[in-house]
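Enquirer: What follows is target.txt, made up of compact mmCIF, C-alpha atoms:
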```
# COMPACT_ATOMS: atom_id res chain seq x y z
CA MET J 3 78.59 -42.02 24.54
CA ALA J 4 75.47 -44.16 24.41
CA GLY J 5 77.00 -46.59 26.90
CA VAL J 6 77.73 -43.77 29.33
CA LEU J 7 74.19 -42.41 29.02
CA ALA J 8 72.71 -45.86 29.55
CA ALA J 9 74.80 -46.41 32.66
CA THR J 10 74.32 -43.01 34.25
CA ASP J 11 70.64 -42.55 33.42
CA ALA J 12 69.65 -46.21 33.84
CA VAL J 13 67.80 -46.27 30.52
CA PRO J 14 67.65 -48.97 27.82
CA HIS J 15 70.46 -48.87 25.27
CA VAL J 16 68.04 -48.06 22.45
CA VAL J 17 66.97 -44.92 24.32
CA ALA J 18 70.56 -44.04 25.11
CA HIS J 19 71.56 -44.43 21.44
CA ARG J 20 68.69 -42.18 20.36
CA ARG J 21 69.66 -39.51 22.91
CA ALA J 22 73.30 -39.69 21.86
CA ALA J 23 72.39 -39.38 18.16
CA ASN J 24 70.11 -36.40 18.86
CA GLY J 25 72.79 -34.74 20.97
CA ILE J 26 75.46 -35.19 18.30
CA ALA J 27 73.12 -33.85 15.61
CA GLU J 28 72.32 -30.76 17.72
CA LEU J 29 76.00 -30.06 18.41
CA ARG J 30 76.86 -30.49 14.72
CA VAL J 31 74.13 -28.06 13.66
CA ARG J 32 75.58 -25.50 16.07
CA SER J 33 79.11 -26.17 14.73
CA LEU J 34 80.20 -27.23 18.21
CA LEU J 35 81.32 -30.72 17.22
CA SER J 36 83.72 -31.88 14.51
CA PRO J 37 84.16 -35.43 13.13
CA VAL J 38 87.37 -37.29 13.98
CA SER J 39 86.41 -40.53 12.27
CA GLU J 40 83.23 -42.28 11.20
CA ASP J 41 82.12 -42.91 14.77
CA ARG J 42 84.17 -40.42 16.80
CA TRP J 43 83.65 -36.72 17.42
CA GLN J 44 85.42 -33.95 19.28
CA PRO J 45 84.30 -30.49 20.45
CA HIS J 46 85.38 -27.42 18.51
CA PRO J 47 88.69 -25.98 19.84
CA VAL J 48 86.91 -22.80 20.98
CA VAL J 49 84.45 -24.89 23.02
CA LEU J 50 87.28 -26.88 24.57
CA HIS J 51 89.12 -23.69 25.44
CA ALA J 52 86.06 -22.13 27.09
CA TRP J 53 85.35 -25.36 28.93
CA ARG J 54 88.86 -25.57 30.33
CA HIS J 55 89.06 -21.86 31.05
CA HIS J 56 85.86 -21.88 33.10
CA ASP J 57 86.27 -25.30 34.72
CA PRO J 58 85.22 -24.88 38.38
CA ALA J 59 87.92 -27.36 39.42
CA PRO J 60 91.02 -26.58 37.32
CA ALA J 61 93.30 -28.60 39.58
CA ARG J 62 91.23 -31.71 38.87
CA ALA J 63 91.33 -31.04 35.12
CA GLU J 64 95.10 -30.55 35.26
CA ALA J 65 95.60 -33.80 37.19
CA LEU J 66 93.49 -35.72 34.69
CA ARG J 67 95.36 -34.17 31.77
CA HIS J 68 98.76 -35.12 33.19
CA ALA J 69 97.56 -38.66 33.87
CA ALA J 70 96.42 -38.95 30.25
CA LEU J 71 99.72 -37.59 28.95
CA ARG J 72 101.70 -40.01 31.10
CA THR J 73 99.63 -42.85 29.68
CA LEU J 74 100.05 -41.65 26.09
CA TYR J 75 103.72 -40.74 26.14
CA GLY J 76 105.17 -42.85 28.96
CA ARG J 77 106.57 -45.48 26.61
CA ARG J 78 107.06 -43.36 23.51
CA ASP J 79 109.75 -41.08 22.17
CA PRO J 80 109.59 -37.42 23.22
CA VAL J 81 106.96 -35.28 21.50
CA THR J 82 108.53 -33.23 18.70
CA LEU J 83 107.55 -30.36 16.44
CA ALA J 84 108.79 -30.32 12.85
CA PHE J 85 108.75 -26.88 11.23
CA ARG J 86 107.91 -26.94 7.54
CA GLY J 87 111.13 -26.76 5.55
CA GLY J 88 113.31 -27.56 8.55
CA ARG J 89 115.97 -30.23 8.54
CA ARG J 90 115.32 -31.52 12.02
CA GLU J 91 112.52 -31.94 14.49
CA VAL J 92 112.54 -29.77 17.59
CA PRO J 93 111.52 -31.39 20.88
CA MET J 94 108.27 -30.03 22.30
CA ALA J 95 107.86 -29.82 26.06
CA VAL J 96 104.61 -31.19 27.48
CA PRO J 97 102.60 -28.00 28.14
CA SER J 98 100.62 -27.11 31.23
CA GLU J 99 96.95 -26.21 30.96
CA SER J 100 97.79 -22.51 31.29
CA GLU J 101 100.31 -22.82 28.45
CA ARG J 102 97.76 -24.57 26.26
CA MET J 103 95.21 -21.80 26.83
CA ALA J 104 97.78 -19.05 26.28
CA ALA J 105 98.92 -20.75 23.07
CA PHE J 106 95.31 -20.96 21.87
CA ASP J 107 94.60 -17.28 22.60
CA ILE J 108 97.72 -16.10 20.77
CA GLN J 109 97.10 -18.55 17.92
CA VAL J 110 93.58 -17.18 17.36
CA GLU J 111 94.85 -13.59 17.20
CA LEU J 112 97.76 -14.52 14.96
CA VAL J 113 95.83 -16.43 12.29
CA THR J 114 93.14 -13.75 11.96
CA ARG J 115 95.45 -10.76 11.46
CA ILE J 116 97.24 -9.19 8.53
CA GLY J 117 100.48 -11.06 8.15
CA VAL J 118 99.03 -14.54 8.19
CA GLN J 119 96.00 -13.20 6.32
CA GLU J 120 97.43 -11.80 3.10
CA LEU J 121 97.05 -8.13 2.13
CA ALA J 122 96.20 -8.33 -1.56
CA PRO J 123 98.00 -5.88 -3.87
CA GLY J 124 96.22 -2.54 -4.07
CA THR J 125 94.01 -3.25 -1.05
CA GLY J 126 94.06 -2.32 2.61
CA SER J 127 96.31 0.10 4.43
CA LEU J 128 99.98 -0.33 5.26
CA ARG J 129 99.54 1.89 8.30
CA GLU J 130 96.74 -0.34 9.58
CA ALA J 131 98.89 -3.42 8.90
CA LEU J 132 101.66 -1.93 11.06
CA ALA J 133 99.16 -1.06 13.79
CA SER J 134 97.78 -4.62 13.70
CA LEU J 135 101.23 -6.15 14.06
CA LYS J 136 102.10 -3.76 16.90
CA SER J 137 98.86 -4.64 18.72
CA LEU J 138 99.71 -8.33 18.29
CA ILE J 139 102.90 -7.71 20.26
CA ASP J 140 100.85 -6.04 22.99
CA PHE J 141 98.26 -8.84 22.95
CA THR J 142 100.94 -11.54 23.18
CA ARG J 143 102.63 -9.84 26.12
CA GLY J 144 99.26 -9.34 27.83
CA THR J 145 98.32 -13.00 27.33
CA LEU J 146 101.60 -14.20 28.82
CA HIS J 147 100.99 -11.91 31.78
CA THR J 148 97.42 -13.18 32.19
CA TYR J 149 98.57 -16.79 32.39
CA ASN J 150 101.69 -15.93 34.39
CA ILE J 151 104.06 -17.07 31.64
CA GLY J 152 107.38 -15.32 31.07
CA LEU J 153 108.78 -14.16 27.73
CA GLN J 154 111.94 -16.16 27.09
CA PRO J 155 114.07 -17.26 24.13
CA GLY J 156 114.45 -20.96 23.35
CA SER J 157 115.83 -23.19 26.07
CA ALA J 158 119.28 -24.72 25.90
CA ALA J 159 117.69 -28.04 24.93
CA GLY J 160 115.85 -26.34 22.07
CA ALA J 161 112.38 -27.36 23.26
CA VAL J 162 109.48 -25.45 21.73
CA THR J 163 107.40 -23.69 24.39
CA VAL J 164 104.85 -20.89 24.54
CA GLN J 165 107.64 -18.64 25.85
CA SER J 166 110.05 -19.45 23.02
CA LEU J 167 107.37 -19.08 20.33
CA ALA J 168 106.23 -15.75 21.79
CA TYR J 169 109.85 -14.55 21.92
CA THR J 170 110.35 -15.54 18.28
CA LEU J 171 107.07 -13.89 17.28
CA ILE J 172 107.80 -10.59 19.02
CA ASN J 173 111.57 -10.12 18.91
CA ASP J 174 112.68 -12.12 15.87
CA THR J 175 109.73 -11.68 13.49
CA ILE J 176 107.41 -8.72 14.08
CA ARG J 177 109.73 -6.19 15.74
CA PRO J 178 112.40 -6.14 12.97
CA PHE J 179 109.63 -5.46 10.45
CA THR J 180 107.89 -2.72 12.42
CA THR J 181 111.19 -1.11 13.49
CA THR J 182 112.21 -0.85 9.84
CA TRP J 183 108.95 0.29 8.29
CA HIS J 184 107.21 2.39 10.92
CA PRO J 185 109.66 5.34 10.74
CA ARG J 186 109.85 5.16 6.96
CA LEU J 187 106.09 5.25 6.53
CA ALA J 188 105.72 7.92 9.22
CA ALA J 189 108.23 10.14 7.41
CA HIS J 190 106.21 9.82 4.21
CA GLU J 191 102.94 10.52 6.03
CA THR J 192 104.23 13.83 7.40
CA GLY J 193 104.40 15.16 3.84
CA ARG J 194 100.75 14.49 3.00
CA PRO J 195 99.01 17.56 1.55
CA PRO J 196 95.71 18.38 3.34
CA ALA J 197 93.73 17.84 0.14
CA VAL J 198 95.07 14.30 -0.42
CA ALA J 199 93.38 11.36 1.29
CA PRO J 200 95.66 9.23 3.53
CA LEU J 201 95.20 6.09 1.45
CA ASP J 202 95.90 7.94 -1.79
CA HIS J 203 99.03 9.46 -0.30
CA GLU J 204 100.13 6.04 0.97
CA ALA J 205 99.55 4.45 -2.46
CA ALA J 206 101.81 7.09 -4.04
CA TRP J 207 104.68 6.26 -1.67
CA PRO J 208 107.65 5.02 -3.73
CA GLN J 209 108.46 2.37 -1.09
CA ALA J 210 104.89 1.05 -0.82
CA SER J 211 105.49 -1.94 -3.11
CA GLU J 212 108.70 -2.84 -1.26
CA MET J 213 106.94 -2.77 2.10
CA ARG J 214 104.08 -4.88 0.74
CA ALA J 215 106.58 -7.43 -0.58
CA GLU J 216 108.26 -7.69 2.82
CA LEU J 217 104.85 -7.96 4.49
CA THR J 218 104.06 -10.87 2.17
CA ALA J 219 107.40 -12.50 3.00
CA LEU J 220 106.55 -12.14 6.69
CA ARG J 221 103.69 -14.59 6.24
CA GLU J 222 105.89 -17.70 6.06
CA PRO J 223 107.52 -17.31 9.50
CA LEU J 224 104.20 -16.21 11.01
CA VAL J 225 102.48 -19.34 9.69
CA ARG J 226 105.25 -21.52 11.14
CA ILE J 227 104.84 -19.80 14.51
CA ALA J 228 101.06 -20.26 14.34
CA GLU J 229 101.63 -23.97 13.66
CA GLY J 230 103.92 -24.08 16.68
CA PHE J 231 101.23 -22.58 18.90
CA GLY J 232 98.77 -25.05 17.37
CA GLY J 233 101.03 -27.92 18.35
CA ILE J 234 100.74 -26.75 21.95
CA SER J 235 97.05 -25.77 22.00
CA GLY J 236 95.86 -28.76 19.98
CA ALA J 237 93.80 -26.52 17.68
CA ASP J 238 94.13 -26.52 13.91
CA PHE J 239 92.60 -23.62 11.99
CA GLY J 240 93.62 -24.96 8.60
CA VAL J 241 95.73 -21.94 7.61
CA PRO J 242 97.19 -22.67 4.16
CA ALA J 243 100.95 -22.89 4.11
CA ALA J 244 102.85 -20.05 2.52
CA GLY J 245 103.74 -20.73 -1.09
```
Could I get this structure in the form of structure tokens?

Expert:
Amino acid sequence: MAGVLAATDAVPHVVAHRRAANGIAELRVRSLLSPVSEDRWQPHPVVLHAWRHHDPAPARAEALRHAALRTLYGRRDPVTLAFRGGRREVPMAVPSESERMAAFDIQVELVTRIGVQELAPGTGSLREALASLKSLIDFTRGTLHTYNIGLQPGSAAGAVTVQSLAYTLINDTIRPFTTTWHPRLAAHETGRPPAVAPLDHEAAWPQASEMRAELTALREPLVRIAEGFGGISGADFGVPAAG
């Protein structure tokens, strides 16, 4: 960084080093820069996403990215994604910039919602958990539409893509859960006496503990899917693995 500043600003290296150090310190204070090694830094994933999303010349950024990927992977084995607990690695297709941004957007929503974030026993609302999962389906579909990405199952070659992860998230993971538990909880809710608070009525539901257990079990596949999106976006939010 100091060398670039010295060359572009035509200043002595000691001045360039001081400017670089001050700039790094300022970015660290604002939590906009994270250490990679002792002398290397990288912007926070959110900053990178905003930068790419608002780049005035996206075609240039895409061309540079592809050139870098060709350099990195031209003489190496195909990029793969290994799911935790799996017996084999699944090939990962090199994503486009739109796919990387879509993966990041879905990843952010996924890791901050109930499902990945655990609902501790005796806390929260099962109805709100269902609503959150349903809205995640809507958000995922909307994000794919925004970036002009279709919703598709895995390809014949088995490559992990934004489309295949979104398909797994919606159709294989969330929908079976919501399809099972939404009508059951709704049937119980219709019998709530006017004098009983909704949360108290929900807590008295005989199937509440069973639904909570299945919601907890849902966390493992959701974390794996979030890791898959992270492999495409390049962002790591440090979500602890399911026990």

Enquirer: For the atom pair atom CA of Thr148 of chain J and atom CA of Ile176 of chain J, what is the interatomic distance in Å to one decimal place?

Expert: 21.2 Å

Enquirer: Grab the atom CA of Pro97 of chain J to atom CA of Phe239 of chain J distance for me, in Å with one decimal place.

Expert: 19.5 Å

Enquirer: Write out as a list in words each polymer residue whose atoms come within 12 Å of Phe179 of chain J, counting only C-alpha atoms; drop sequence neighbours fewer than 5 positions from it.

Expert: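 Near Phe179 of chain J, the qualifying residues are Gly117, Ala131, Leu132, Ala133, Leu135, Lys136, Leu171, Ile172, Asn173, Asp174, His184, Pro185, Arg186, Leu187, Met213, Arg214, Ala215, Glu216, Leu217, Thr218, Ala219, Leu220 and Arg221 of chain J.
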
Enquirer: Of the residues J:Thr175, J:Gln154, J:Thr192, J:Ser235, which is the one nearest to Val110 of chain J, using only C-alpha atoms?

Expert: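 For Val110 of chain J, the nearest of the given residues is J:Ser235.
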
Enquirer: Could you tell me how far atom CA of Ala228 of chain J sits from atom CA of Gln109 of chain J, in Å to one decimal place?

Expert: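 We find that atom CA of Gln109 of chain J and atom CA of Ala228 of chain J lie 5.6 Å from each other.
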
Enquirer: Looking at only C-alpha atoms, which of J:Ala188, J:Leu167, J:Val198, J:Ala206 is the one that sits closest to Arg129 of chain J?

Expert: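 Answer, going by the shortest atom-to-atom distance: J:Ala188.
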